[in-house]
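Okay, input_37.cif now, which holds mmCIF, C-alpha atoms and all ligand atoms:
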```
data_final
#
loop_
_atom_site.label_atom_id
_atom_site.label_comp_id
_atom_site.auth_asym_id
_atom_site.auth_seq_id
_atom_site.Cartn_x
_atom_site.Cartn_y
_atom_site.Cartn_z
CA MET A 1 -5.94 -18.64 -39.67
CA ASP A 2 -3.77 -20.90 -37.49
CA SER A 3 -4.44 -20.77 -33.76
CA SER A 4 -1.17 -19.10 -32.69
CA ARG A 5 -1.68 -16.32 -35.29
CA GLU A 6 -5.23 -15.92 -34.04
CA LEU A 7 -4.01 -15.64 -30.44
CA ARG A 8 -1.34 -13.08 -31.39
CA LEU A 9 -3.91 -10.98 -33.24
CA SER A 10 -6.32 -11.07 -30.33
CA LEU A 11 -3.57 -10.02 -27.88
CA LYS A 12 -2.52 -7.22 -30.26
CA ASN A 13 -6.12 -6.00 -30.40
CA LYS A 14 -6.32 -5.99 -26.61
CA LEU A 15 -3.13 -3.92 -26.39
CA LYS A 16 -4.45 -1.51 -29.02
CA LEU A 17 -7.70 -1.12 -27.11
CA ARG A 18 -5.78 -0.32 -23.92
CA ASN A 19 -3.58 2.13 -25.83
CA ASP A 20 -6.62 3.86 -27.37
CA ARG A 21 -8.07 4.31 -23.87
CA SER A 22 -4.71 5.68 -22.57
CA MET A 23 -4.63 2.65 -20.27
CA LEU A 24 -1.52 0.92 -21.65
CA ARG A 25 1.10 0.53 -18.94
CA ILE A 26 4.68 0.90 -20.10
CA LEU A 27 7.82 0.34 -18.03
CA LYS A 28 9.83 3.55 -17.61
CA SER A 29 13.44 3.87 -16.48
CA ASN A 30 14.13 6.40 -13.76
CA THR A 31 14.04 9.92 -15.12
CA HIS A 32 16.06 12.99 -14.14
CA LEU A 33 12.81 14.73 -13.10
CA ALA A 34 12.15 15.74 -9.48
CA ASP A 35 10.96 12.55 -7.76
CA PHE A 36 7.35 12.66 -6.55
CA SER A 37 6.51 9.08 -7.45
CA SER A 38 8.91 6.64 -5.81
CA ASN A 39 8.47 5.01 -2.41
CA ASP A 40 12.02 6.02 -1.47
CA TYR A 41 10.60 8.44 1.10
CA LEU A 42 13.93 8.83 2.93
CA GLY A 43 16.13 9.01 -0.12
CA LEU A 44 18.03 5.96 1.13
CA ALA A 45 18.30 4.45 -2.35
CA LYS A 46 21.00 6.98 -3.26
CA ASN A 47 22.44 7.63 0.20
CA GLU A 48 26.22 7.42 -0.14
CA SER A 49 27.06 6.39 3.39
CA LEU A 50 24.53 3.54 3.24
CA MET A 51 25.93 2.53 -0.14
CA ASN A 52 29.45 2.37 1.35
CA ASN A 53 28.25 0.33 4.32
CA ILE A 54 26.57 -2.14 1.97
CA LYS A 55 29.81 -2.45 -0.03
CA LEU A 56 31.81 -3.06 3.14
CA ALA A 57 29.37 -5.65 4.43
CA SER A 58 29.15 -7.46 1.11
CA ALA A 59 32.96 -7.78 0.99
CA ASN A 60 32.58 -10.39 3.76
CA ILE A 61 30.05 -12.44 1.83
CA LEU A 62 31.87 -15.17 0.00
CA GLN A 63 29.25 -16.35 -2.45
CA ASN A 64 27.12 -14.67 -5.12
CA GLY A 65 23.83 -16.45 -4.73
CA SER A 66 21.80 -18.36 -2.17
CA THR A 67 22.14 -21.62 -4.20
CA GLY A 68 18.54 -22.57 -3.55
CA SER A 69 15.43 -21.92 -1.51
CA ARG A 70 15.93 -21.53 2.24
CA LEU A 71 14.25 -24.85 2.89
CA LEU A 72 16.92 -26.57 0.83
CA THR A 73 20.44 -25.14 0.53
CA GLY A 74 19.70 -21.40 0.60
CA HIS A 75 19.49 -20.82 4.33
CA SER A 76 22.20 -18.58 5.80
CA GLN A 77 23.33 -17.19 9.12
CA HIS A 78 22.87 -13.67 7.62
CA ALA A 79 19.15 -14.27 7.11
CA GLU A 80 18.78 -15.77 10.56
CA ASP A 81 20.66 -12.86 12.18
CA LEU A 82 18.50 -10.33 10.34
CA GLU A 83 15.30 -12.09 11.40
CA PHE A 84 16.51 -12.15 15.00
CA PHE A 85 17.32 -8.42 14.85
CA LEU A 86 13.95 -7.57 13.27
CA ALA A 87 11.99 -9.57 15.84
CA GLN A 88 13.79 -7.76 18.69
CA PHE A 89 13.47 -4.36 16.99
CA HIS A 90 9.72 -4.76 16.54
CA LYS A 91 9.14 -6.46 19.92
CA SER A 92 7.77 -9.47 18.13
CA GLU A 93 8.01 -13.15 19.01
CA ASP A 94 9.58 -13.93 15.68
CA ALA A 95 10.23 -12.58 12.20
CA LEU A 96 10.36 -14.20 8.78
CA LEU A 97 11.96 -12.72 5.65
CA PHE A 98 10.23 -12.86 2.28
CA ASN A 99 11.43 -11.74 -1.14
CA SER A 100 9.03 -8.78 -1.11
CA GLY A 101 6.09 -7.29 0.75
CA PHE A 102 3.82 -8.79 -1.89
CA ASP A 103 5.21 -12.27 -1.19
CA ALA A 104 4.90 -11.69 2.56
CA ASN A 105 1.18 -10.89 2.30
CA TYR A 106 0.63 -13.70 -0.14
CA GLY A 107 2.48 -16.18 2.08
CA LEU A 108 0.77 -15.09 5.27
CA PHE A 109 -2.80 -15.02 4.00
CA SER A 110 -2.52 -18.11 1.87
CA CYS A 111 -1.21 -20.35 4.63
CA ILE A 112 -2.57 -19.60 8.10
CA MET A 113 -6.35 -19.87 7.68
CA THR A 114 -8.28 -23.12 7.75
CA GLU A 115 -11.60 -23.76 6.01
CA LYS A 116 -13.66 -22.76 9.03
CA ASP A 117 -11.83 -19.48 9.59
CA GLY A 118 -12.94 -16.12 8.24
CA ILE A 119 -11.20 -13.00 6.96
CA ILE A 120 -12.59 -9.49 7.25
CA TYR A 121 -10.63 -6.84 5.41
CA ASP A 122 -10.72 -3.08 4.92
CA GLU A 123 -12.27 -2.40 1.51
CA LEU A 124 -9.09 -0.52 0.47
CA ILE A 125 -6.67 -3.29 1.42
CA HIS A 126 -3.70 -3.83 -0.91
CA ALA A 127 -3.87 -6.16 -3.91
CA SER A 128 -1.25 -8.49 -2.37
CA VAL A 129 -3.65 -9.29 0.49
CA HIS A 130 -6.38 -10.05 -2.06
CA GLU A 131 -4.03 -12.43 -3.84
CA GLY A 132 -3.20 -14.15 -0.53
CA MET A 133 -6.88 -14.42 0.38
CA ARG A 134 -7.67 -15.90 -3.03
CA ALA A 135 -5.18 -18.67 -2.33
CA SER A 136 -6.33 -19.13 1.28
CA LYS A 137 -8.49 -22.04 2.48
CA SER A 138 -10.86 -19.61 4.21
CA LYS A 139 -14.29 -19.65 2.59
CA TYR A 140 -15.57 -16.60 4.47
CA GLN A 141 -14.06 -13.34 3.20
CA LYS A 142 -15.91 -10.06 3.59
CA SER A 143 -14.85 -6.41 3.40
CA PHE A 144 -15.80 -3.68 5.84
CA GLN A 145 -16.09 0.01 5.00
CA HIS A 146 -12.79 1.84 4.85
CA ASN A 147 -11.43 2.61 8.33
CA ASP A 148 -14.93 2.32 9.79
CA VAL A 149 -15.07 0.74 13.26
CA GLU A 150 -18.87 0.27 13.22
CA SER A 151 -18.78 -1.49 9.88
CA LEU A 152 -15.98 -3.75 11.16
CA ILE A 153 -18.05 -4.72 14.21
CA THR A 154 -21.12 -5.39 12.04
CA GLN A 155 -19.06 -7.76 9.91
CA ILE A 156 -17.66 -9.53 12.98
CA GLN A 157 -21.19 -10.06 14.31
CA GLU A 158 -22.28 -11.44 10.92
CA PHE A 159 -19.46 -13.99 11.02
CA LYS A 160 -20.16 -14.95 14.65
CA LYS A 161 -23.83 -15.62 13.80
CA ILE A 162 -22.84 -18.42 11.46
CA ASN A 163 -19.59 -19.57 13.05
CA ASN A 164 -18.75 -18.88 16.65
CA ASP A 165 -15.80 -21.29 16.82
CA GLY A 166 -13.65 -20.40 13.85
CA HIS A 167 -10.88 -17.85 14.03
CA LEU A 168 -11.48 -14.49 12.43
CA PHE A 169 -8.59 -12.56 10.87
CA ILE A 170 -8.89 -8.81 10.39
CA ALA A 171 -6.71 -7.25 7.70
CA VAL A 172 -5.85 -3.55 7.81
CA GLU A 173 -3.06 -1.25 6.63
CA SER A 174 -1.35 1.26 8.95
CA ILE A 175 -1.22 3.90 6.23
CA TYR A 176 -3.40 3.21 3.21
CA SER A 177 -1.26 3.15 0.10
CA MET A 178 -3.55 5.06 -2.28
CA ASP A 179 -5.10 7.62 0.11
CA GLY A 180 -2.48 8.09 2.82
CA HIS A 181 -5.09 7.62 5.60
CA VAL A 182 -3.83 6.35 8.96
CA SER A 183 -5.73 3.32 10.32
CA LYS A 184 -7.99 3.72 13.38
CA LEU A 185 -6.20 0.69 14.74
CA GLU A 186 -6.42 1.45 18.45
CA GLU A 187 -10.17 2.10 18.27
CA MET A 188 -10.64 -1.08 16.29
CA ILE A 189 -8.62 -3.21 18.69
CA ASN A 190 -10.56 -1.83 21.66
CA ALA A 191 -13.89 -2.40 19.93
CA VAL A 192 -13.02 -5.98 19.01
CA LYS A 193 -11.85 -6.97 22.53
CA ASN A 194 -15.29 -8.34 23.45
CA TYR A 195 -15.20 -10.90 20.67
CA LYS A 196 -13.10 -14.04 21.05
CA ASN A 197 -10.79 -15.51 18.41
CA CYS A 198 -10.29 -12.25 16.48
CA HIS A 199 -6.76 -11.57 15.20
CA PHE A 200 -5.41 -8.41 13.60
CA ILE A 201 -2.95 -8.54 10.71
CA VAL A 202 -1.44 -5.12 10.03
CA ASP A 203 0.28 -4.23 6.78
CA GLU A 204 2.84 -1.60 7.80
CA ALA A 205 4.28 -1.14 4.28
CA HIS A 206 3.81 2.64 4.23
CA SER A 207 4.36 3.34 7.92
CA THR A 208 7.73 1.60 8.12
CA GLY A 209 10.24 4.39 8.62
CA ILE A 210 7.47 6.97 9.10
CA LEU A 211 5.52 6.22 12.28
CA GLY A 212 6.63 4.97 15.68
CA PRO A 213 9.98 5.13 17.50
CA GLN A 214 12.82 4.89 14.93
CA GLY A 215 10.23 4.23 12.24
CA ARG A 216 9.00 0.95 13.78
CA GLY A 217 5.47 1.58 12.47
CA LEU A 218 1.98 2.31 13.80
CA VAL A 219 1.66 -0.76 16.04
CA SER A 220 4.82 0.23 17.93
CA GLU A 221 3.77 3.87 18.06
CA LEU A 222 0.56 2.78 19.81
CA LYS A 223 2.38 0.13 21.89
CA LEU A 224 0.00 -2.51 20.58
CA GLU A 225 2.62 -5.14 19.77
CA SER A 226 0.98 -7.77 21.99
CA GLN A 227 -2.47 -7.09 20.50
CA VAL A 228 -1.78 -7.98 16.88
CA LEU A 229 -1.13 -11.37 15.39
CA ALA A 230 1.24 -10.27 12.63
CA ARG A 231 2.72 -7.20 10.99
CA VAL A 232 4.05 -6.95 7.46
CA HIS A 233 6.93 -4.49 6.97
CA THR A 234 8.50 -3.98 3.58
CA PHE A 235 11.95 -2.80 2.64
CA GLY A 236 10.55 -1.23 -0.51
CA LYS A 237 9.44 2.13 0.94
CA ALA A 238 10.94 4.50 3.56
CA LEU A 239 10.59 7.63 5.69
CA GLY A 240 9.94 11.25 4.71
CA SER A 241 7.63 14.05 5.91
CA HIS A 242 7.04 17.18 3.93
CA GLY A 243 3.29 16.67 4.58
CA GLU A 244 1.97 19.98 6.05
CA LYS A 245 3.91 22.32 3.78
CA PHE A 246 2.69 20.74 0.74
CA ARG A 247 -0.96 20.81 1.93
CA GLY A 248 -0.76 24.47 2.89
CA SER A 249 0.13 25.36 -0.70
CA LEU A 250 -2.91 23.52 -2.04
CA CYS A 251 -5.49 24.75 0.49
CA ASP A 252 -7.30 26.90 -2.10
CA LEU A 253 -8.25 23.96 -4.33
CA PRO A 254 -11.99 23.17 -4.52
CA ASN A 255 -13.23 20.91 -1.68
CA GLY A 256 -12.64 17.21 -2.08
CA ILE A 257 -9.85 17.49 -4.68
CA LEU A 258 -6.93 17.09 -2.26
CA LEU A 259 -7.55 13.88 -0.28
CA GLU A 260 -7.26 13.94 3.54
CA SER A 261 -3.81 12.69 4.58
CA ASP A 262 -1.13 13.59 7.14
CA THR A 263 1.36 11.17 5.64
CA PRO A 264 3.88 11.38 2.80
CA ILE A 265 1.27 9.88 0.46
CA GLN A 266 -0.91 12.64 -0.98
CA GLY A 267 -3.78 12.06 -3.40
CA VAL A 268 -5.16 14.66 -5.80
CA LEU A 269 -8.36 13.61 -7.55
CA VAL A 270 -8.26 14.39 -11.25
CA PRO A 271 -10.71 13.87 -14.09
CA GLU A 272 -10.30 10.39 -15.56
CA ARG A 273 -7.31 9.91 -17.91
CA TYR A 274 -6.02 13.46 -17.52
CA GLN A 275 -2.45 13.55 -18.90
CA LEU A 276 0.09 14.41 -16.21
CA ASP A 277 3.81 14.01 -15.77
CA VAL A 278 3.48 12.25 -12.40
CA ARG A 279 2.24 8.68 -12.09
CA PRO A 280 -1.55 8.46 -12.35
CA ILE A 281 -3.50 5.83 -10.39
CA ARG A 282 -6.44 4.63 -12.41
CA SER A 283 -9.28 2.22 -11.92
CA PRO A 284 -9.29 -0.69 -11.21
CA THR A 285 -6.43 0.11 -8.78
CA VAL A 286 -8.83 2.67 -7.26
CA PRO A 287 -12.63 2.71 -7.83
CA LYS A 288 -13.94 4.35 -11.00
CA GLY A 289 -14.51 8.05 -10.49
CA GLU A 290 -11.72 8.21 -7.87
CA GLU A 291 -8.80 8.25 -10.30
CA ARG A 292 -5.99 10.37 -8.95
CA ILE A 293 -2.39 11.34 -9.11
CA ARG A 294 -0.44 9.85 -6.22
CA ILE A 295 2.27 12.13 -4.92
CA CYS A 296 4.98 10.75 -2.67
CA LEU A 297 6.87 13.34 -0.68
CA HIS A 298 10.48 12.60 0.18
CA SER A 299 13.05 14.00 2.57
CA HIS A 300 15.16 14.90 -0.50
CA ASN A 301 12.45 16.98 -2.27
CA THR A 302 13.47 20.64 -2.11
CA ASP A 303 11.13 23.53 -1.31
CA SER A 304 11.38 24.82 -4.88
CA GLU A 305 10.51 21.38 -6.29
CA ILE A 306 7.44 21.27 -4.06
CA ASP A 307 6.44 24.83 -5.05
CA LEU A 308 6.77 23.94 -8.70
CA LEU A 309 4.63 20.85 -8.20
CA THR A 310 1.89 22.56 -6.16
CA ASN A 311 1.68 25.47 -8.62
CA SER A 312 1.35 23.07 -11.54
CA ILE A 313 -1.37 21.10 -9.72
CA LYS A 314 -3.28 24.27 -8.89
CA THR A 315 -3.16 25.52 -12.49
CA LEU A 316 -4.16 22.14 -13.83
CA ILE A 317 -7.02 21.45 -11.42
CA LEU A 318 -8.39 24.97 -11.38
CA ASN A 319 -8.36 25.12 -15.20
CA SER A 320 -10.11 21.80 -15.46
CA TYR A 321 -12.58 22.80 -12.70
CA VAL A 322 -13.37 26.10 -14.45
CA SER A 323 -13.80 24.48 -17.85
CA ASN A 324 -16.09 21.77 -16.36
CA THR A 325 -18.16 24.40 -14.58
CA ASN A 326 -18.39 26.41 -17.82
CA ALA A 327 -19.46 23.33 -19.68
CA ILE A 328 -22.18 22.67 -17.12
CA SER A 329 -23.45 26.28 -17.19
CA ALA A 330 -23.43 26.26 -20.97
CA ARG A 331 -25.58 23.13 -21.01
CA LEU A 332 -27.98 24.59 -18.45
C1 LIG B 1 0.13 -1.63 1.39
C2 LIG B 1 1.12 -2.44 0.62
N1 LIG B 1 1.39 -3.68 1.03
C3 LIG B 1 2.28 -4.46 0.37
C4 LIG B 1 2.94 -3.99 -0.74
C5 LIG B 1 3.91 -4.86 -1.45
O1 LIG B 1 5.21 -4.52 -1.09
P1 LIG B 1 6.45 -4.78 -2.05
O2 LIG B 1 6.54 -3.63 -2.99
O3 LIG B 1 7.61 -4.88 -1.11
O4 LIG B 1 6.19 -6.07 -2.76
C6 LIG B 1 2.70 -2.70 -1.20
C7 LIG B 1 3.39 -2.19 -2.40
O5 LIG B 1 3.08 -1.26 -3.03
C8 LIG B 1 1.77 -1.89 -0.49
O6 LIG B 1 1.48 -0.64 -0.89
#
```

Could you express the structure from this file as structure tokens?
Amino acid sequence: MDSSRELRLSLKNKLKLRNDRSMLRILKSNTHLADFSSNDYLGLAKNESLMNNIKLASANILQNGSTGSRLLTGHSQHAEDLEFFLAQFHKSEDALLFNSGFDANYGLFSCIMTEKDGIIYDELIHASVHEGMRASKSKYQKSFQHNDVESLITQIQEFKKINNDGHLFIAVESIYSMDGHVSKLEEMINAVKNYKNCHFIVDEAHSTGILGPQGRGLVSELKLESQVLARVHTFGKALGSHGEKFRGSLCDLPNGILLESDTPIQGVLVPERYQLDVRPIRSPTVPKGEERIRICLHSHNTDSEIDLLTNSIKTLILNSYVSNTNAISARL
């Protein structure tokens, strides 16, 4: 068999294996179903007045593309104006635009650390931070337990034992993307004050538009702008808060099924590979045994859509819970 045929066959087998395990990811166009998956929390993607404003503003732009990277010919006054606005809005010294939140994390983490610096990150930090860390010069990279101030301090002390001079960067998210937990940022910043050369980097992807005055994020809400080194905001998500209603309807589920969260991101733990019509989050995105459906609540979701969703979840989970319990009693 020639080598390219061999490679094709091996890739085909890998795809088949994924398919057999219901793990094959397939791109889907937007459906007409009620939206409980997108990050468009505010419904801005289809907001007509915003759409009209974008059309009006783009009428004044006299070219179709940037013509190159910003370092070469692609720089523009529009980008500079937006960065200036964002820096002022977020009470930050400066702002820099990236193509996406993923690129921002990658760029930030891959370029600012030197070999003698360390990075300590929440164990649930987003994949884009991991990619940035992988490309970073820093040789010391350790996780601390999720949102756990004591564990963070233990890790700082470990680093200081071997390197008291290097800078230590601490990576956290404001709202954790898979669980919806809000970071204990203020507690962490207070606890870390006694240690020199520690710098917080806060990924505000899921708090942009949700927390803080005019949706400026958690750092602004807590007035901690001067205490953090950098914040990453993305344009890919936005505001919405149907949180409490939704949780009230699911309060009779067995303990531990509905994950703790006061944010628009709601997690419902489900048995592995259960077939559902909302987007499932599987391992390795979340640890094995913690597979879930991730529900995003939006300002445009109606009460009846939410009722329909919560009733379906209840039926599904309670049925699966009852049949598991039956199976266990039968075996006993
Ligand atoms: C916490 C977090 N940071 C960064 C990103 C990347 O943002 P973007 O989708 O703009 O690339 C995401 C995206 O899901 C995220 O959840």

message: Using all atoms listed in the file, which residues of the polymer chains come no farther than 12 Å from ligand LIG 1 (chain B)? I'd like the answer as a VMD selection string.
response: chain A and resid 37 to 40 97 to 108 122 124 to 132 171 to 183 201 to 208 231 to 238 265 285 294

Option closest in space to Leu222 (chain A), from A:Glu305, A:Asp2, A:Glu187, A:Glu115 [counting only C-alpha atoms]: A:Glu187

- request: Please provide as number ranges by chain all residues within 12 Å of Lys193 (chain A), with the sequence filter that same-chain residues fewer than 6 positions apart are discarded (counting only C-alpha atoms).
  value: A: 153, 156, 186-187, 199-200, 227-228

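Note that CA of Ala135 (chain A) and CA of Leu224 (chain A) are 28.5 Å apart.
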
- line: Taken to one decimal, the CA of Ser76 (chain A)-CA of Asn64 (chain A) distance is 12.6 Å

Minimum-distance residue to Asn163 (chain A), chosen among A:Arg21, A:His300, A:Lys196, A:Arg282 (using all atoms listed in the file):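 Of A:Arg21, A:His300, A:Lys196, A:Arg282, the one nearest Asn163 (chain A) is A:Lys196, counting all atoms listed in the file.
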
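Between CA of His90 (chain A) and CA of Cys296 (chain A) the interatomic distance comes to 25.1 Å.
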
- line: Counting only C-alpha atoms, closest pick from A:Leu309, A:Ser261, A:Gly215, A:Pro284 relative to Phe89 (chain A) is A:Gly215

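Minimum atom-to-atom distance to His146 (chain A), evaluated using only C-alpha atoms, belongs to A:Tyr121 out of A:Tyr121, A:Ser69, A:Leu82, A:Leu42.
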
query: Looking at A:Ala95, A:Ile120, A:Ile61, A:Ile162, which one is nearest to Glu80 (chain A), with distances taken over only C-alpha atoms?
result: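 Closest candidate: A:Ala95.
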
Could you put an axis-aligned box around every listed atom of region 128-132 of chain A, padded by 3 Å on each side, and send me its centre and edge lengths in Å to one decimal, as lines of an AutoDock Vina configuration file?
```
center_x = -3.8
center_y = -11.3
center_z = -1.7
size_x = 11.1
size_y = 11.7
size_z = 10.3
```

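Using all atoms listed in the file, the smallest distance between any of A:Ser138, A:Gln88, A:Ser226, A:Gln63 and Ser110 (chain A) comes from A:Ser138.
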